[in-house]
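Content type compact mmCIF, C-alpha atoms and all ligand atoms, from the file final-v4.txt:
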```txt
# COMPACT_ATOMS: atom_id res chain seq x y z
CA MET J 609 -40.70 46.17 -10.97
CA ASN J 610 -43.60 44.28 -9.49
CA TYR J 611 -46.28 46.27 -7.69
CA LYS J 612 -48.96 44.83 -5.43
CA ILE J 613 -52.29 46.57 -5.64
CA ALA J 614 -55.31 46.15 -3.40
CA LEU J 615 -58.58 46.50 -5.28
CA ILE J 616 -61.63 47.66 -3.40
CA ARG J 617 -64.15 47.35 -6.18
CA GLY J 618 -67.03 48.27 -3.87
CA ASP J 619 -70.61 48.99 -4.83
CA GLY J 620 -72.71 50.23 -7.73
CA ILE J 621 -70.54 51.12 -10.72
CA GLY J 622 -67.37 50.50 -8.65
CA PRO J 623 -66.61 47.02 -10.07
CA GLU J 624 -67.11 48.18 -13.67
CA VAL J 625 -64.84 51.22 -13.47
CA VAL J 626 -62.16 49.34 -11.52
CA GLY J 627 -62.32 46.58 -14.13
CA GLU J 628 -61.38 49.05 -16.87
CA ALA J 629 -58.67 50.66 -14.75
CA VAL J 630 -57.08 47.26 -14.15
CA LYS J 631 -56.94 46.62 -17.88
CA VAL J 632 -55.23 49.97 -18.34
CA MET J 633 -52.67 49.10 -15.63
CA ASP J 634 -51.94 45.80 -17.33
CA ALA J 635 -51.47 47.56 -20.66
CA ILE J 636 -49.05 50.02 -19.04
CA GLY J 637 -47.25 47.10 -17.43
CA GLU J 638 -46.73 45.47 -20.79
CA LYS J 639 -45.59 48.65 -22.44
CA PHE J 640 -43.18 49.78 -19.71
CA GLY J 641 -42.10 46.43 -18.33
CA HIS J 642 -43.83 46.33 -14.95
CA THR J 643 -46.04 43.70 -13.45
CA PHE J 644 -49.03 44.39 -11.28
CA THR J 645 -50.54 41.80 -9.00
CA TYR J 646 -53.95 42.37 -7.49
CA THR J 647 -55.61 41.47 -4.21
CA ASP J 648 -59.34 41.95 -3.88
CA VAL J 649 -60.41 43.54 -0.61
CA LEU J 650 -64.04 43.52 0.47
CA MET J 651 -65.37 46.81 1.83
CA GLY J 652 -68.53 48.91 1.76
CA GLY J 653 -72.13 47.91 1.13
CA CYS J 654 -71.12 44.64 -0.50
CA ALA J 655 -69.24 43.77 2.69
CA ILE J 656 -72.34 44.52 4.78
CA ASP J 657 -74.27 42.07 2.61
CA ALA J 658 -71.52 39.44 2.70
CA VAL J 659 -70.25 39.56 6.29
CA GLY J 660 -72.50 42.01 8.14
CA LYS J 661 -70.11 44.96 8.38
CA SER J 662 -68.83 47.57 5.97
CA TYR J 663 -65.27 47.35 7.23
CA PRO J 664 -64.50 43.67 7.80
CA ASP J 665 -61.73 42.66 10.20
CA GLY J 666 -58.39 42.56 8.46
CA THR J 667 -59.25 45.16 5.81
CA ALA J 668 -56.47 47.53 6.84
CA GLU J 669 -53.94 44.67 7.10
CA ALA J 670 -54.82 43.38 3.65
CA CYS J 671 -54.29 46.88 2.23
CA LYS J 672 -51.04 47.38 4.17
CA ALA J 673 -49.64 44.27 2.53
CA CYS J 674 -49.91 46.08 -0.81
CA ASP J 675 -48.06 49.02 -2.38
CA ALA J 676 -51.22 50.97 -3.20
CA VAL J 677 -55.00 50.71 -3.01
CA LEU J 678 -57.45 51.39 -5.83
CA LEU J 679 -61.04 51.98 -4.77
CA GLY J 680 -64.07 52.14 -7.07
CA ALA J 681 -66.91 53.49 -4.98
CA VAL J 682 -68.70 52.41 -1.84
CA GLY J 683 -72.22 53.02 -0.59
CA GLY J 684 -75.70 53.39 -1.99
CA PRO J 685 -79.27 54.00 -0.83
CA LYS J 686 -79.67 50.34 0.05
CA TRP J 687 -77.37 50.80 3.06
CA GLY J 688 -78.20 54.41 3.89
CA HIS J 689 -80.55 53.92 6.80
CA SER J 690 -78.84 51.89 9.48
CA THR J 691 -77.97 53.60 12.74
CA ASP J 692 -75.43 50.87 13.47
CA PRO J 693 -72.08 52.37 12.38
CA GLN J 694 -70.79 48.94 11.31
CA LYS J 695 -73.63 48.75 8.83
CA ARG J 696 -72.90 52.14 7.24
CA PRO J 697 -70.55 52.27 4.23
CA GLU J 698 -69.16 55.70 5.25
CA THR J 699 -67.76 54.12 8.40
CA ALA J 700 -65.50 52.01 6.22
CA LEU J 701 -64.20 55.05 4.36
CA LEU J 702 -63.40 56.94 7.54
CA SER J 703 -61.82 53.87 9.15
CA ILE J 704 -59.54 53.04 6.27
CA ARG J 705 -58.34 56.66 6.05
CA LYS J 706 -57.50 56.61 9.75
CA ASP J 707 -55.98 53.12 9.81
CA LEU J 708 -53.73 53.76 6.81
CA GLY J 709 -52.78 57.24 8.07
CA LEU J 710 -54.04 58.91 4.89
CA TYR J 711 -54.06 62.47 6.15
CA ALA J 712 -53.65 64.21 2.79
CA ASN J 713 -56.43 64.08 0.24
CA LEU J 714 -55.48 65.51 -3.15
CA ARG J 715 -58.43 66.43 -5.32
CA PRO J 716 -57.51 68.05 -8.59
CA ALA J 717 -60.16 69.96 -10.50
CA ALA J 718 -59.05 70.80 -14.00
CA LEU J 719 -61.02 71.81 -17.02
CA ARG J 720 -59.90 69.59 -19.88
CA PRO J 721 -59.70 71.64 -23.09
CA ALA J 722 -61.87 69.16 -25.02
CA LEU J 723 -64.63 69.64 -22.46
CA ALA J 724 -64.42 73.37 -21.83
CA GLU J 725 -68.03 73.69 -22.96
CA ALA J 726 -69.17 71.49 -20.09
CA CYS J 727 -68.11 74.15 -17.60
CA PRO J 728 -71.30 75.65 -16.16
CA LEU J 729 -69.62 79.00 -15.50
CA LYS J 730 -69.58 82.03 -17.78
CA LYS J 731 -67.70 81.57 -21.04
CA GLU J 732 -65.11 84.25 -20.14
CA THR J 733 -64.46 82.44 -16.88
CA ALA J 734 -64.04 79.04 -18.54
CA GLU J 735 -61.73 80.51 -21.16
CA LYS J 736 -59.31 81.59 -18.45
CA GLY J 737 -58.92 77.91 -17.62
CA ILE J 738 -59.28 76.01 -14.36
CA ASP J 739 -56.48 73.93 -12.93
CA LEU J 740 -56.55 73.73 -9.19
CA MET J 741 -55.74 71.13 -6.58
CA ILE J 742 -57.61 70.91 -3.32
CA VAL J 743 -55.48 69.50 -0.54
CA ARG J 744 -57.93 68.38 2.08
CA GLU J 745 -56.88 67.30 5.58
CA LEU J 746 -58.44 63.85 5.88
CA THR J 747 -57.92 62.29 9.29
CA GLY J 748 -58.67 65.07 11.76
CA GLY J 749 -61.17 67.76 12.65
CA ILE J 750 -64.87 67.33 13.18
CA TYR J 751 -65.03 64.02 11.30
CA PHE J 752 -62.97 62.32 13.95
CA GLY J 753 -63.84 64.32 17.08
CA LYS J 754 -65.94 63.06 19.93
CA ARG J 755 -69.64 62.80 19.13
CA GLU J 756 -72.20 63.19 21.88
CA ARG J 757 -75.93 62.89 22.19
CA TYR J 758 -77.64 63.55 25.49
CA GLN J 759 -80.90 64.73 27.05
CA THR J 760 -81.16 68.23 28.48
CA GLU J 761 -83.64 69.26 31.14
CA ASP J 762 -85.42 71.97 29.24
CA ARG J 763 -84.30 71.88 25.57
CA GLY J 764 -84.93 68.29 24.61
CA GLU J 765 -82.15 66.21 23.16
CA GLU J 766 -78.81 67.84 22.34
CA CYS J 767 -75.83 66.72 20.23
CA ALA J 768 -72.24 67.86 19.89
CA ASP J 769 -69.44 67.10 17.42
CA ARG J 770 -66.00 68.16 18.55
CA MET J 771 -63.57 69.75 16.10
CA ALA J 772 -59.96 69.56 17.18
CA TYR J 773 -56.68 70.18 15.36
CA SER J 774 -53.14 69.91 16.63
CA GLU J 775 -50.15 71.86 15.34
CA MET J 776 -48.64 68.57 14.16
CA GLU J 777 -51.71 67.73 12.05
CA ILE J 778 -51.81 71.20 10.52
CA GLU J 779 -48.12 71.36 9.81
CA ARG J 780 -47.92 68.05 7.97
CA ILE J 781 -50.84 68.85 5.66
CA GLY J 782 -49.48 72.35 5.16
CA ARG J 783 -46.11 70.98 4.09
CA ARG J 784 -47.79 68.70 1.56
CA ALA J 785 -49.59 71.70 0.09
CA PHE J 786 -46.46 73.86 -0.19
CA GLU J 787 -44.42 71.01 -1.65
CA LEU J 788 -47.12 70.36 -4.24
CA ALA J 789 -47.37 74.05 -5.09
CA ARG J 790 -43.65 74.04 -5.87
CA LEU J 791 -44.31 71.40 -8.53
CA ARG J 792 -47.27 73.34 -9.98
CA GLY J 793 -48.13 77.03 -10.05
CA LYS J 794 -46.28 78.01 -6.83
CA LYS J 795 -49.40 79.39 -5.15
CA VAL J 796 -51.12 78.26 -1.97
CA ALA J 797 -54.48 79.52 -0.74
CA SER J 798 -55.22 78.36 2.79
CA VAL J 799 -58.93 78.25 3.55
CA ASP J 800 -60.18 78.68 7.11
CA LYS J 801 -62.75 80.41 9.29
CA ALA J 802 -60.28 82.23 11.52
CA ASN J 803 -62.74 85.04 12.20
CA VAL J 804 -64.79 82.57 14.25
CA LEU J 805 -63.06 79.26 15.00
CA GLU J 806 -60.15 78.66 17.35
CA THR J 807 -58.99 75.65 15.28
CA SER J 808 -58.81 78.00 12.29
CA ARG J 809 -56.73 80.52 14.22
CA LEU J 810 -54.18 77.82 15.03
CA TRP J 811 -54.41 76.60 11.44
CA ARG J 812 -53.64 80.08 10.15
CA SER J 813 -50.69 80.67 12.45
CA VAL J 814 -49.06 77.37 11.45
CA MET J 815 -49.67 78.13 7.76
CA HIS J 816 -48.07 81.54 8.16
CA ARG J 817 -44.98 79.94 9.67
CA LEU J 818 -44.76 77.60 6.69
CA ALA J 819 -45.37 80.46 4.23
CA GLU J 820 -42.23 82.11 5.57
CA GLU J 821 -40.25 78.93 5.17
CA TYR J 822 -41.56 78.39 1.61
CA SER J 823 -40.97 81.98 0.60
CA ASP J 824 -40.80 81.05 -3.10
CA VAL J 825 -44.50 80.10 -2.94
CA GLN J 826 -47.11 82.85 -3.09
CA TYR J 827 -49.45 82.50 -0.12
CA GLU J 828 -52.86 83.86 0.86
CA ASP J 829 -55.52 83.28 3.52
CA VAL J 830 -59.09 82.91 2.30
CA LEU J 831 -62.12 82.64 4.56
CA VAL J 832 -64.20 79.60 3.67
CA ASP J 833 -67.36 81.49 2.74
CA ASN J 834 -65.35 83.72 0.44
CA ALA J 835 -63.57 80.66 -1.00
CA ALA J 836 -66.94 79.13 -1.91
CA MET J 837 -67.80 82.35 -3.72
CA GLN J 838 -64.43 82.75 -5.46
CA LEU J 839 -64.63 79.19 -6.78
CA VAL J 840 -67.62 80.12 -8.93
CA ARG J 841 -66.59 83.73 -9.57
CA ASP J 842 -62.98 83.19 -10.66
CA PRO J 843 -61.62 79.66 -10.10
CA GLY J 844 -58.68 80.40 -12.40
CA GLN J 845 -57.07 82.38 -9.55
CA PHE J 846 -56.38 79.20 -7.55
CA ASP J 847 -53.50 76.76 -7.76
CA VAL J 848 -53.22 74.73 -4.54
CA VAL J 849 -56.03 75.18 -2.01
CA VAL J 850 -55.32 73.66 1.40
CA THR J 851 -58.02 73.27 4.01
CA GLU J 852 -59.33 71.24 6.92
CA ASN J 853 -61.44 68.11 6.57
CA MET J 854 -65.03 69.37 6.43
CA PHE J 855 -64.32 72.55 4.46
CA GLY J 856 -62.38 70.40 2.01
CA ASP J 857 -65.24 67.94 1.67
CA ILE J 858 -67.62 70.73 0.72
CA LEU J 859 -65.30 72.80 -1.45
CA SER J 860 -64.04 69.79 -3.38
CA ASP J 861 -67.57 68.94 -4.46
CA GLU J 862 -68.02 72.53 -5.56
CA ALA J 863 -64.70 72.45 -7.43
CA SER J 864 -65.62 69.22 -9.18
CA MET J 865 -68.90 70.71 -10.35
CA ILE J 866 -67.32 73.72 -12.01
CA THR J 867 -65.30 71.46 -14.30
CA GLY J 868 -68.63 70.12 -15.55
CA SER J 869 -67.49 66.53 -15.55
CA ILE J 870 -67.34 64.76 -12.21
CA GLY J 871 -66.90 61.48 -14.10
CA LEU J 872 -63.40 62.63 -15.03
CA LEU J 873 -61.96 63.58 -11.66
CA PRO J 874 -59.53 61.34 -9.76
CA SER J 875 -58.23 61.68 -6.22
CA ALA J 876 -55.39 60.48 -4.06
CA SER J 877 -55.26 59.96 -0.32
CA ILE J 878 -51.77 59.67 1.03
CA GLY J 879 -49.84 59.61 4.26
CA ASP J 880 -46.21 59.27 5.23
CA GLN J 881 -46.07 55.57 4.38
CA ALA J 882 -47.42 53.29 1.68
CA PRO J 883 -50.00 52.35 0.70
CA GLY J 884 -51.76 55.40 -0.65
CA LEU J 885 -55.37 55.08 -1.71
CA TYR J 886 -56.65 56.22 -5.09
CA GLU J 887 -60.27 56.64 -6.10
CA PRO J 888 -62.56 58.56 -8.44
CA ILE J 889 -64.34 61.53 -6.85
CA HIS J 890 -67.75 60.31 -8.02
CA GLY J 891 -69.94 57.95 -6.05
CA SER J 892 -71.36 54.51 -6.73
CA ALA J 893 -74.19 55.72 -9.04
CA PRO J 894 -76.47 52.72 -8.32
CA ASP J 895 -79.02 53.96 -10.89
CA ILE J 896 -76.68 53.06 -13.78
CA ALA J 897 -74.79 50.16 -12.17
CA GLY J 898 -74.28 47.06 -14.26
CA GLN J 899 -75.43 48.72 -17.49
CA ASP J 900 -72.07 49.53 -19.10
CA LYS J 901 -72.92 53.24 -18.84
CA ALA J 902 -70.46 54.50 -16.23
CA ASN J 903 -67.53 56.71 -17.17
CA PRO J 904 -64.30 54.86 -16.26
CA ILE J 905 -62.06 57.90 -16.87
CA ALA J 906 -61.96 59.16 -13.27
CA THR J 907 -60.80 55.74 -12.08
CA ILE J 908 -58.28 55.44 -14.91
CA LEU J 909 -56.92 58.88 -14.04
CA SER J 910 -56.74 57.75 -10.40
CA VAL J 911 -54.34 55.07 -11.60
CA ALA J 912 -52.25 57.85 -13.16
CA MET J 913 -52.17 59.57 -9.77
CA MET J 914 -51.14 56.27 -8.15
CA PHE J 915 -48.26 55.90 -10.58
CA ARG J 916 -47.15 59.46 -9.94
CA TYR J 917 -47.51 59.72 -6.17
CA SER J 918 -47.02 56.17 -4.91
CA PHE J 919 -44.64 54.70 -7.49
CA HIS J 920 -42.91 57.82 -8.88
CA LEU J 921 -43.64 56.56 -12.39
CA SER J 922 -44.31 59.94 -13.95
CA GLN J 923 -43.82 58.81 -17.54
CA GLU J 924 -46.39 56.08 -17.12
CA ALA J 925 -48.77 58.54 -15.42
CA LYS J 926 -48.38 60.98 -18.28
CA ALA J 927 -49.00 58.22 -20.83
CA ILE J 928 -52.38 57.54 -19.25
CA GLU J 929 -53.32 61.22 -19.03
CA ASP J 930 -52.30 61.83 -22.65
CA ALA J 931 -54.29 58.80 -23.82
CA VAL J 932 -57.40 60.12 -22.04
CA ASP J 933 -56.97 63.55 -23.61
CA ALA J 934 -56.44 62.03 -27.05
CA VAL J 935 -59.64 60.00 -26.78
CA LEU J 936 -61.61 63.05 -25.63
CA ASN J 937 -60.10 65.20 -28.37
CA GLU J 938 -61.26 62.66 -30.92
CA GLY J 939 -64.76 63.31 -29.62
CA TRP J 940 -65.46 60.06 -27.79
CA ARG J 941 -67.88 60.54 -24.88
CA THR J 942 -69.59 58.43 -22.27
CA ALA J 943 -73.23 59.31 -21.55
CA ASP J 944 -72.43 61.61 -18.60
CA ILE J 945 -70.35 63.97 -20.75
CA ALA J 946 -72.13 63.60 -24.08
CA LYS J 947 -74.10 66.60 -25.27
CA ALA J 948 -77.71 66.20 -26.40
CA GLY J 949 -77.75 64.30 -29.69
CA GLU J 950 -74.14 63.13 -29.35
CA GLN J 951 -73.59 59.41 -29.44
CA ALA J 952 -72.12 57.92 -26.30
CA VAL J 953 -69.92 54.86 -25.83
CA GLY J 954 -70.13 52.48 -22.88
CA THR J 955 -67.72 51.82 -20.03
CA ILE J 956 -65.93 48.94 -21.72
CA ARG J 957 -65.55 50.66 -25.07
CA MET J 958 -64.17 53.80 -23.40
CA GLY J 959 -61.60 51.70 -21.55
CA GLU J 960 -60.64 49.98 -24.78
CA LEU J 961 -60.22 53.31 -26.62
CA ILE J 962 -57.92 54.62 -23.91
CA ARG J 963 -55.78 51.48 -24.05
CA GLN J 964 -55.51 51.81 -27.80
CA HIS J 965 -54.02 55.28 -27.35
CA LEU J 966 -51.38 54.27 -24.81
C1 LIG J 1001 -65.96 62.20 0.38
C2 LIG J 1001 -67.26 61.72 0.93
C3 LIG J 1001 -67.01 61.20 2.34
C4 LIG J 1001 -66.41 62.34 3.13
C5 LIG J 1001 -68.23 60.63 3.08
C6 LIG J 1001 -68.95 59.57 2.25
C7 LIG J 1001 -67.89 60.12 4.44
O1 LIG J 1001 -68.19 62.75 0.92
O2 LIG J 1001 -65.03 61.39 0.26
O3 LIG J 1001 -65.85 63.39 0.08
O4 LIG J 1001 -67.13 63.23 3.57
O5 LIG J 1001 -65.19 62.36 3.31
MG MG J 1002 -67.57 64.49 -0.08
```
Now, as a test, write the supplied structure out as structure tokens.
Ligand code: IPM
Ligand code: MG
Amino acid sequence: MNYKIALIRGDGIGPEVVGEAVKVMDAIGEKFGHTFTYTDVLMGGCAIDAVGKSYPDGTAEACKACDAVLLGAVGGPKWGHSTDPQKRPETALLSIRKDLGLYANLRPAALRPALAEACPLKKETAEKGIDLMIVRELTGGIYFGKRERYQTEDRGEECADRMAYSEMEIERIGRRAFELARLRGKKVASVDKANVLETSRLWRSVMHRLAEEYSDVQYEDVLVDNAAMQLVRDPGQFDVVVTENMFGDILSDEASMITGSIGLLPSASIGDQAPGLYEPIHGSAPDIAGQDKANPIATILSVAMMFRYSFHLSQEAKAIEDAVDAVLNEGWRTADIAKAGEQAVGTIRMGELIRQHL
């Protein structure tokens, strides 16, 4: 098969980590008899510098012409100050999610055995293992509601951000979560703030309806403040965690931290149609950009997710994941996951080692 892949290399360490991921894809192609053709798509801070906006015209169309999108990282302090939305890198991220209909954001947080020591939680907690998947709603809620800024008579300026959710939006993300749970540990925790928010009360009632339909999946409601606490107290209790956009943004950062190695975590953003978008959880890390220091593993594991979710190539996905584990088990580390005194390898060498183990 031939697969067309859009590459959004982006900013900071983005180009370096995507470069290694592409080499891994090519190696998989050779081994399993696929070809991958690549189209570079300009987006993010580099696009602001090149054409004056972070999300150039035609970005969505260029991606839609491909079977999947691989994104490195976008943004950086250089572009952090503009009040013009077109000159903010985040605008590009939100726009591409909306334009490609990527309503489901899958963010796995798993403790890899070789790196169990990196877990900042208590030893007993780490020993129980962590293997959870946050399913974050990605195209609704407060991120996409109406924003207002106006002058009041007696209280100065006032702002409002509207948070809205429809049954349709809740049901489709809920179904994704239950379907995924069936392929994993058969547990769904739905996170909301139903003791306060109306959107959460609707969220909960739709989830309950689905829980009845997916009666083979164990279901629970967890309030978001409690979820934040449980994630550090006993993350091993969770399998699939489904939640709305902003709660998912916050909890997924927390979840990534407890694995102790954000440089290892991939993510997938998918909708009902191709292309899905795959990217590491980490940011553009401008402080180490261009120095061959970045950890390419999260991007390489994002390729594994692409193979699994967009192309249904589970053998190929597993080959990548096994190669990463083998390299880690042999003790190879990039600087971000090396312990004091341990020697670290660079981005390119890490990519090479992983390819050697395919
Ligand atoms: C993320 C990021 C984005 C988000 C920002 C940069 C808009 O934090 O992907 O989690 O909040 O969705
Ligand atoms: Mg975030």
For Ile781 in chain J, list every protein, DNA or RNA residue within 8 Å, evaluated using all atoms listed in the file, and leave out those in the same chain fewer than 3 positions away; present the list as a VMD selection string. chain J and resid 711 to 712 743 to 745 777 to 778 784 to 785 850
Between CA of Gly683 in chain J and CA of Lys901 in chain J, what distance in Å does the model show, to one decimal? 18.3 Å
Distance in Å - CA of Ile613 in chain J versus CA of Gly652 in chain J: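 Spanning CA of Ile613 in chain J to CA of Gly652 in chain J is a straight-line distance of 18.0 Å.
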Give me, as CSV, the closest atom pair and its distance (Å, one decimal) for every residue of chain J within a cut-off of 8 Å of ligand LIG 1001 (chain J), counting all atoms listed in the file, rows sorted by chain and rising number.
```
residue,atom,partner,partner_atom,distance
J:Gly683,CA,J:LIG1001,C6,7.9
J:Pro697,CA,J:LIG1001,C6,7.7
J:Glu698,CA,J:LIG1001,C7,4.7
J:Thr699,CA,J:LIG1001,C7,7.2
J:Leu701,CA,J:LIG1001,C7,6.3
J:Leu702,CA,J:LIG1001,C7,6.3
J:Leu746,CA,J:LIG1001,O5,7.4
J:Asn853,CA,J:LIG1001,O5,7.6
J:Met854,CA,J:LIG1001,O4,7.1
J:Asp857,CA,J:LIG1001,O3,4.9
J:Ile858,CA,J:LIG1001,O3,7.6
J:Ser860,CA,J:LIG1001,O3,7.5
J:Asp861,CA,J:LIG1001,O3,7.4
J:Ile889,CA,J:LIG1001,O2,7.1
```
Using C-alpha atoms, can you export the residues from the last selection as a PDB file, in the coordinates of the input?
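part_32.pdb written:
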```pdb
ATOM      1  CA  GLY J 683     -72.220  53.020  -0.590  1.00  0.00           C
ATOM      2  CA  PRO J 697     -70.550  52.270   4.230  1.00  0.00           C
ATOM      3  CA  GLU J 698     -69.160  55.700   5.250  1.00  0.00           C
ATOM      4  CA  THR J 699     -67.760  54.120   8.400  1.00  0.00           C
ATOM      5  CA  LEU J 701     -64.200  55.050   4.360  1.00  0.00           C
ATOM      6  CA  LEU J 702     -63.400  56.940   7.540  1.00  0.00           C
ATOM      7  CA  LEU J 746     -58.440  63.850   5.880  1.00  0.00           C
ATOM      8  CA  ASN J 853     -61.440  68.110   6.570  1.00  0.00           C
ATOM      9  CA  MET J 854     -65.030  69.370   6.430  1.00  0.00           C
ATOM     10  CA  ASP J 857     -65.240  67.940   1.670  1.00  0.00           C
ATOM     11  CA  ILE J 858     -67.620  70.730   0.720  1.00  0.00           C
ATOM     12  CA  SER J 860     -64.040  69.790  -3.380  1.00  0.00           C
ATOM     13  CA  ASP J 861     -67.570  68.940  -4.460  1.00  0.00           C
ATOM     14  CA  ILE J 889     -64.340  61.530  -6.850  1.00  0.00           C
TER      15      ILE J 889
END
```
Which protein, DNA or RNA residues are at most 7 Å from (-72.3, 49.0, 0.0) in the file's coordinates when you count only C-alpha atoms, listed as a ChimeraX atom specification? /J:618-619,652-656,682-684,687,697
Can you spit out the residues from that selection as a CSV table (one decimal), in the coordinates of the input, using C-alpha atoms?
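What landed in out_39.csv:
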```csv
chain,number,residue,atom,x,y,z
J,618,GLY,CA,-67.0,48.3,-3.9
J,619,ASP,CA,-70.6,49.0,-4.8
J,652,GLY,CA,-68.5,48.9,1.8
J,653,GLY,CA,-72.1,47.9,1.1
J,654,CYS,CA,-71.1,44.6,-0.5
J,655,ALA,CA,-69.2,43.8,2.7
J,656,ILE,CA,-72.3,44.5,4.8
J,682,VAL,CA,-68.7,52.4,-1.8
J,683,GLY,CA,-72.2,53.0,-0.6
J,684,GLY,CA,-75.7,53.4,-2.0
J,687,TRP,CA,-77.4,50.8,3.1
J,697,PRO,CA,-70.6,52.3,4.2
```
Could you please determine the separation between CA of Ala718 in chain J and CA of Trp811 in chain J in Å, to one decimal place?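 A separation of 26.5 Å between them.
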Could you give me, as a list of chain:residue names, the residues within 6 Å of Asp847 in chain J, counting all atoms listed in the file and dropping anything in the same chain fewer than 3 positions from it? J:Leu740, J:Gly793, J:Lys795
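With distances taken over all atoms listed in the file, J:Met609 is the one residue among J:Met609, J:Ser690, J:Val814, J:Ser922 lying closest to His642 in chain J.
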Counting all atoms listed in the file, which residues of range 686-786 of chain J sit at most 8 Å from some atom of range 661-670 of chain J, and what is each one's closest atom pair with its distance in Å to one decimal, listed by chain and rising residue number, as a tab-separated table?
```
residue	atom	partner	partner_atom	distance
J:Gln694	CA	J:Lys661	CA	5.0
J:Lys695	CA	J:Lys661	CA	5.2
J:Arg696	CA	J:Ser662	CA	6.3
J:Pro697	CA	J:Ser662	CA	5.3
J:Thr699	CA	J:Ser662	CA	7.1
J:Ala700	CA	J:Tyr663	CA	4.8
J:Ser703	CA	J:Tyr663	CA	7.6
J:Ile704	CA	J:Ala668	CA	6.3
J:Asp707	CA	J:Ala668	CA	6.3
J:Leu708	CA	J:Ala668	CA	6.8
```
When you count all atoms listed in the file, which of these residues is closest to Ala681 in chain J: J:Glu950, J:Glu638, J:Glu779, J:Glu887?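 Looking at the shortest contact to Ala681 in chain J, the residue is J:Glu887.
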Pick out the residues sitting within 8 Å of range 935-949 of chain J, and hand them over as a PyMOL selection string; count all atoms listed in the file, and ignore anything fewer than 6 positions along from it in its own chain. chain J and resi 722-723+726+869+871+901-903+955+958+961-962+965
List as a list in words the protein and nucleic acid residues near Ser918 in chain J, meaning an atom at most 12 Å away when only C-alpha atoms are counted, but skip any in the same chain fewer than 4 places from it.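 Using only C-alpha atoms, the neighbours found are Tyr611, Lys612, Ile613, Cys674, Asp675, Ala676, Val677, Leu678, Ala876, Ser877, Ile878, Gly879, Asp880, Gln881, Ala882, Pro883, Gly884, Leu885, Tyr886, Ser910, Val911, Ala912, Met913, Met914, Ser922 and Ala925 of chain J.
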Could I see range 953-957 of chain J restored to all heavy atoms, set down as a short mmCIF file (atom, residue, chain, number, x, y, z; two decimals), in the coordinates of the input?
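Everything below was put into selection-v7.cif:
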```
data_model
loop_
_atom_site.label_atom_id
_atom_site.label_comp_id
_atom_site.auth_asym_id
_atom_site.auth_seq_id
_atom_site.Cartn_x
_atom_site.Cartn_y
_atom_site.Cartn_z
N VAL J 953 -70.42 56.23 -25.89
CA VAL J 953 -69.92 54.86 -25.83
C VAL J 953 -70.04 54.37 -24.38
O VAL J 953 -70.19 55.15 -23.46
CB VAL J 953 -68.44 54.74 -26.29
CG1 VAL J 953 -68.30 55.15 -27.74
CG2 VAL J 953 -67.52 55.58 -25.41
N GLY J 954 -69.99 53.06 -24.20
CA GLY J 954 -70.13 52.48 -22.88
C GLY J 954 -68.80 52.44 -22.13
O GLY J 954 -67.74 52.84 -22.64
N THR J 955 -68.88 51.91 -20.91
CA THR J 955 -67.72 51.82 -20.03
C THR J 955 -66.58 51.02 -20.67
O THR J 955 -65.42 51.46 -20.70
CB THR J 955 -68.13 51.09 -18.72
OG1 THR J 955 -69.34 51.67 -18.25
CG2 THR J 955 -67.05 51.19 -17.66
N ILE J 956 -66.94 49.86 -21.19
CA ILE J 956 -65.93 48.94 -21.72
C ILE J 956 -65.26 49.51 -22.96
O ILE J 956 -64.04 49.48 -23.11
CB ILE J 956 -66.58 47.56 -22.01
CG1 ILE J 956 -67.05 46.94 -20.68
CG2 ILE J 956 -65.61 46.63 -22.74
CD1 ILE J 956 -67.88 45.69 -20.83
N ARG J 957 -66.09 50.08 -23.84
CA ARG J 957 -65.55 50.66 -25.07
C ARG J 957 -64.62 51.84 -24.74
O ARG J 957 -63.55 51.99 -25.34
CB ARG J 957 -66.71 51.11 -25.96
CG ARG J 957 -66.28 51.77 -27.25
CD ARG J 957 -65.81 50.76 -28.29
NE ARG J 957 -65.37 51.41 -29.51
CZ ARG J 957 -64.13 51.31 -30.02
NH1 ARG J 957 -63.22 50.59 -29.42
NH2 ARG J 957 -63.82 51.94 -31.13
#
```
